[in-house]
2 protein chains.
Amino acid sequence: MVKDKSPQGEPAIVERIRGAATSAGYPAASHTGLVLGIGDDCAIFRPRAGRELLFTTDMLIEGRHFLRHTHRPADLGWKALARGLSDIAAMGGAPRFSLVSLALPEWAGQSFVDGFYKGLLLLARQTGTPLAGGDLARSVTLFCDIVVCGEVPRAGALRRDTARSGDAVYVSGALGGSAVGLARGRGPAWRRHLRPVPRLALGHFLRTRLHATAALDLSDGLSLDLHRLALASGLHAAIEAPPCFPGASLEQALHGGEDYELLFTVPPRTPVPARFERLPLTRIGTMQKGRPGVVLLAGKPLPPLGFDHFRRS
Amino acid sequence: MVKDKSPQGEPAIVERIRGAATSAGYPAASHTGLVLGIGDDCAIFRPRAGRELLFTTDMLIEGRHFLRHTHRPADLGWKALARGLSDIAAMGGAPRFSLVSLALPEWAGQSFVDGFYKGLLLLARQTGTPLAGGDLARSVTLFCDIVVCGEVPRAGALRRDTARSGDAVYVSGALGGSAVGLARGRGPAWRRHLRPVPRLALGHFLRTRLHATAALDLSDGLSLDLHRLALASGLHAAIEAPPCFPGASLEQALHGGEDYELLFTVPPRTPVPARFERLPLTRIGTMQKGRPGVVLLAGKPLPPLGFDHFRRS
């Protein structure tokens with residue numbers, strides 16, 4: 001805590017976080033099944049009968065997922081939780097709790113910690129996701145790993161490997177906004193990049209009303225994420241150009257990551273509304289028998305160029 | 001993957017991990033309630049009726065928790081899982097699954113990844129803890145965060161805030177071994193530092209047979225961990241010198257971290273065996289009414305000098 005000239009140790013930091021996480025307006029942990037939150041060796045959760053639990057982990061790393069000088073602490077806290085919630089949304093789940101591990105470099109003092117949890121807890125309140133615990137450590141670069149637990153009825157989760165031949169392929173919203181924002185560093189697209197909104201209500205709608213056959217969140221770009229859905233389902237996908245975010249090129253809409261919209265498939269005769277709560281739902285193509293994982297855009301193979309940490313470009 | 005001259009991308013690495021995690025001898029995921037493991041947006045877990053779930057997260061960071069040149073990849077994988085399992089043991093739980101997030105620097109190539117998961121999966125097999133998923137990314141330094149889920153009967157978890165005045169205080173094993181190992185870099189103490197054994201069977205025994213009133217795993221040193229138990233329970237603790245690992249000084253036994261033995265309290269007349277499965281159980285003192293969190297060693301205040309990432313020393 002050099003920057004803030006604060007000599008506080010880990011217990012003091014944990015107490016600050018616990019205080020913020022249990023303040024007025026925050027969702028009561030007991031409502032979601034959380035029996036014991038921050039402070040012991042483990043958090044304790046009491047699941048409801050007849051339900052299955054979803055678990056996702058997502059890392060947020062300085063220099064890799066964000067830059068210290070362009071992202072405010074509250075934006076990072078928001079985004080850390082939003083990424084995990086987006087995975088829960090993609091499977092049609094309702095969030096139950098989160099766990100946050102945070103490794104802090106010297107530059108990240110008390111004001112950073114307060115800002116980070118302010119942003120995270122704002123989204124936590126909006127989505128009813130109590131913070132159940134986590135871990136704190138020192139590190140050379142800032143490192144965050146978040147776990148989000150969600151709930152679905154038994155065997156009710158939307159998966160990526162269950163699309164069927166003939167299913168229609170849809171996306172929510174408009175794509176490429178996050179890529180535009182990252183390039184511009186300002187304006188509505190930048191705000192979209194900083195504060196993505198997990199599509200939890202849409203995921204619930206897809207599971208309970210549309211009976212979607214498969215779903216995935218668009219975290220690494222349509223070309224790569226649709227490739228993954230097609231590969232897992234043993235099909236190929238034939239699509240047309242997706243809706244582009246204002247100012248986004250087709251390339252950005254096809255390959256840009258971090259839009260956190262939902263990609264989903266439904267049986268061909270399913271009536272899909274044009275909008276769900278003002279969010280456009282657009283049919284972009286069809287799942288077909290063919291070489292698993294191949295995506296055709298207007299009849300031509302679309303390479304999966306979305307973001308892969310380990311590919312050499 | 002520069003070091004290994006391997007052009008493989010993330011899907012190939014995930015497939016290697018999935019292959020290793022589902023190979024012969026590995027615990028069948030379905031036995032523990034895991035419905036869907038590595039590969040989708042989320043892992044899916046089906047809890048059993050009448051149970052509560054425990055969740056713990058632990059980070060392992062290059063330069064902070066280990067050094068690249070002294071710790072082999074398989075030791076790191078073992079230790080990452082052992083730390084989480086130790087928290088489950090401390091609450092009397094049985095492990096159900098783990099999730100592993102791993103950020104890899106350039107030097108950590110395919111042989112590192114293979115070694116890391118070899119060590120982790122060895123302990124996973126021994127303890128029946130399937131690997132359910134996680135996240136992979138690139139980073140400047142190596143960073144690992146592990147989540148372990150455990151199970152206890154409803155309201156059955158051993159907590160740190162439930163010790164009562166008059167309870168006897170016990171530790172398992174001998175303390176300071178990990179500190180000695182870290183100082184020597186070789187021999188039995190070093191092996192103990194590299195491959196701690198989570199006390200899962202002891203935790204189960206404490207919960208089901210001894211009806212321990214509180215428990216904690218000794219991760220940061222007896223002085224700090226007993227302070228935490230006493231503080232959480234609103235009591236003070238009066239102890240004598242604990243059993244020392246061969247070669248360990250009293251200082252190392254009192255303040256050295258990473259022994260992963262269990263610290264527990266039982267009602268004063270509970271008959272505690274001298275050993276549990278060859279592991280000594282030693283009474284070191286008594287919980288008493290007094291200033292919460294204070295620990296007295298032979299009548300004198302013992303400062304909580306164990307490991308705190310955020311204390312300035």
# chains A, B, ... in the order shown; residues from 1 in each chain; ligands from 1
call {"tool": "interface_residues", "arguments": {"of": "chain B", "to": "chain A", "cutoff": "8 Å", "atoms": "only C-alpha atoms", "output": "JSON, numbers by chain"}}
result
{"B": [1, 7, 8, 9, 10, 40, 41, 42, 43, 44, 45, 46, 47, 48, 49, 51, 52, 53, 54, 55, 56, 57, 58, 59, 61, 63, 64, 87, 88, 90, 91, 99, 101, 133, 134, 135, 136, 137, 138, 139, 140, 141, 143, 145, 154, 159, 160, 216, 217, 308, 309, 310, 311, 312]}
call {"tool": "residues_around", "arguments": {"residues": "segment 174-185 of chain B", "least_positions_apart": "2", "cutoff": "7 Å", "atoms": "only C-alpha atoms", "output": "list in words"}}
result
Ser172, Ala189, Trp190, Arg192, His193, Pro243, Cys244, Phe245, Ala248, Gln252, Ala253, Gly256, Gly257, Glu258 and Asp259 of chain B
call {"tool": "write_last_selection", "arguments": {"atoms": "C-alpha atoms", "output": "PDB file, in the first residue's frame"}}
result
ATOM      1  CA  SER B 172      -1.719 -32.158  14.151  1.00  0.00           C
ATOM      2  CA  ALA B 189      11.851 -30.681   5.099  1.00  0.00           C
ATOM      3  CA  TRP B 190      12.234 -29.353   1.558  1.00  0.00           C
ATOM      4  CA  ARG B 192       7.526 -31.308   2.826  1.00  0.00           C
ATOM      5  CA  HIS B 193       7.592 -27.695   1.664  1.00  0.00           C
ATOM      6  CA  PRO B 243       5.778 -29.868  18.651  1.00  0.00           C
ATOM      7  CA  CYS B 244       8.644 -28.854  16.349  1.00  0.00           C
ATOM      8  CA  PHE B 245       9.513 -30.543  13.045  1.00  0.00           C
ATOM      9  CA  ALA B 248      12.970 -26.572  13.259  1.00  0.00           C
ATOM     10  CA  GLN B 252      10.002 -21.523  12.909  1.00  0.00           C
ATOM     11  CA  ALA B 253       7.341 -23.711  14.548  1.00  0.00           C
ATOM     12  CA  GLY B 256       6.616 -20.418   9.873  1.00  0.00           C
ATOM     13  CA  GLY B 257       3.911 -20.754   7.226  1.00  0.00           C
ATOM     14  CA  GLU B 258       2.783 -23.482   4.870  1.00  0.00           C
ATOM     15  CA  ASP B 259       2.775 -26.455   7.227  1.00  0.00           C
TER      16      ASP B 259
END
call {"tool": "select_by_dssp", "arguments": {"residues": "segment 204-257 of chain A", "states": "strand (DSSP E)", "output": "PyMOL selection string"}}
result
chain A and resi 214-217+236-239
call {"tool": "write_last_selection", "arguments": {"atoms": "N, CA and C atoms", "output": "PDB file, in the first residue's frame"}}
result
ATOM      1  N   ALA A 214     -28.739 -24.254 -28.290  1.00  0.00           N
ATOM      2  CA  ALA A 214     -27.350 -24.046 -27.865  1.00  0.00           C
ATOM      3  C   ALA A 214     -27.110 -22.552 -27.688  1.00  0.00           C
ATOM      4  N   ALA A 215     -26.134 -22.204 -26.880  1.00  0.00           N
ATOM      5  CA  ALA A 215     -25.794 -20.791 -26.695  1.00  0.00           C
ATOM      6  C   ALA A 215     -24.355 -20.651 -26.215  1.00  0.00           C
ATOM      7  N   LEU A 216     -23.814 -19.441 -26.435  1.00  0.00           N
ATOM      8  CA  LEU A 216     -22.424 -19.121 -26.109  1.00  0.00           C
ATOM      9  C   LEU A 216     -22.380 -17.609 -25.972  1.00  0.00           C
ATOM     10  N   ASP A 217     -21.501 -17.074 -25.121  1.00  0.00           N
ATOM     11  CA  ASP A 217     -21.360 -15.621 -25.121  1.00  0.00           C
ATOM     12  C   ASP A 217     -20.206 -15.218 -26.022  1.00  0.00           C
ATOM     13  N   HIS A 236     -21.452 -27.565 -39.327  1.00  0.00           N
ATOM     14  CA  HIS A 236     -20.892 -26.306 -39.795  1.00  0.00           C
ATOM     15  C   HIS A 236     -21.989 -25.247 -39.815  1.00  0.00           C
ATOM     16  N   ALA A 237     -21.559 -24.001 -39.923  1.00  0.00           N
ATOM     17  CA  ALA A 237     -22.498 -22.878 -39.856  1.00  0.00           C
ATOM     18  C   ALA A 237     -22.383 -22.051 -41.117  1.00  0.00           C
ATOM     19  N   ALA A 238     -23.525 -21.693 -41.698  1.00  0.00           N
ATOM     20  CA  ALA A 238     -23.542 -20.798 -42.866  1.00  0.00           C
ATOM     21  C   ALA A 238     -24.215 -19.505 -42.451  1.00  0.00           C
ATOM     22  N   ILE A 239     -23.463 -18.398 -42.509  1.00  0.00           N
ATOM     23  CA  ILE A 239     -24.028 -17.125 -42.042  1.00  0.00           C
ATOM     24  C   ILE A 239     -23.855 -16.012 -43.074  1.00  0.00           C
TER      25      ILE A 239
END
call {"tool": "atom_distance", "arguments": {"atom1": "atom CA of Glu277 of chain B", "atom2": "atom CA of Leu202 of chain B"}}
result
8.4 Å
call {"tool": "select_by_dssp", "arguments": {"residues": "segment 240-270 of chain B", "states": "helix (DSSP H, G or I)", "output": "number ranges by chain"}}
result
B: 250-255
call {"tool": "atom_distance", "arguments": {"atom1": "atom CA of Ala230 of chain A", "atom2": "atom CA of Thr32 of chain B"}}
result
29.4 Å
call {"tool": "residues_around", "arguments": {"residues": "Val169 of chain B", "least_positions_apart": "3", "cutoff": "8 Å", "atoms": "only C-alpha atoms", "output": "list in words"}}
result
Ile239, Leu263, Phe264, Thr265, Val266, Arg283, Ile284, Gly285, Thr286 and Met287 of chain B
call {"tool": "write_last_selection", "arguments": {"atoms": "N, CA and C atoms", "output": "compact mmCIF listing (two decimals), in the first residue's frame"}}
result
# COMPACT_ATOMS: atom_id res chain seq x y z
N ILE B 239 -1.25 -21.01 25.32
CA ILE B 239 -0.60 -22.23 24.82
C ILE B 239 0.81 -22.40 25.37
N LEU B 263 -5.21 -26.99 13.00
CA LEU B 263 -5.33 -26.41 14.34
C LEU B 263 -6.80 -26.56 14.71
N PHE B 264 -7.09 -27.18 15.86
CA PHE B 264 -8.52 -27.37 16.19
C PHE B 264 -8.77 -27.31 17.68
N THR B 265 -10.03 -27.08 18.02
CA THR B 265 -10.42 -27.03 19.43
C THR B 265 -11.52 -28.07 19.67
N VAL B 266 -11.47 -28.63 20.86
CA VAL B 266 -12.49 -29.61 21.28
C VAL B 266 -12.91 -29.29 22.71
N ARG B 283 -2.02 -31.69 22.32
CA ARG B 283 -2.69 -30.57 22.98
C ARG B 283 -1.66 -29.50 23.30
N ILE B 284 -1.92 -28.26 22.84
CA ILE B 284 -0.96 -27.19 23.09
C ILE B 284 -1.52 -26.12 24.02
N GLY B 285 -2.82 -26.18 24.36
CA GLY B 285 -3.31 -25.13 25.23
C GLY B 285 -4.81 -25.14 25.38
N THR B 286 -5.35 -23.95 25.80
CA THR B 286 -6.76 -23.81 26.14
C THR B 286 -7.29 -22.47 25.64
N MET B 287 -8.53 -22.47 25.20
CA MET B 287 -9.21 -21.22 24.85
C MET B 287 -9.83 -20.65 26.13
call {"tool": "residues_around", "arguments": {"residues": "Ala241 of chain A", "least_positions_apart": "3", "cutoff": "8 Å", "atoms": "only C-alpha atoms", "output": "MDAnalysis selection string"}}
result
chainID A and resid 250 254 284 297:298
call {"tool": "write_last_selection", "arguments": {"atoms": "C-alpha atoms", "output": "PDB file, in the first residue's frame"}}
result
ATOM      1  CA  LEU A 250     -17.426  -5.821 -40.818  1.00  0.00           C
ATOM      2  CA  LEU A 254     -16.705 -10.622 -37.218  1.00  0.00           C
ATOM      3  CA  ILE A 284     -27.544 -14.468 -39.132  1.00  0.00           C
ATOM      4  CA  LEU A 297     -19.769 -16.274 -44.518  1.00  0.00           C
ATOM      5  CA  ALA A 298     -21.825 -15.630 -47.689  1.00  0.00           C
TER       6      ALA A 298
END
call {"tool": "residues_around", "arguments": {"residues": "Arg16 of chain A", "least_positions_apart": "6", "cutoff": "10 Å", "atoms": "only C-alpha atoms", "output": "list in words"}}
result
Glu10, Gln110, Val113, Asp114 and Tyr117 of chain A
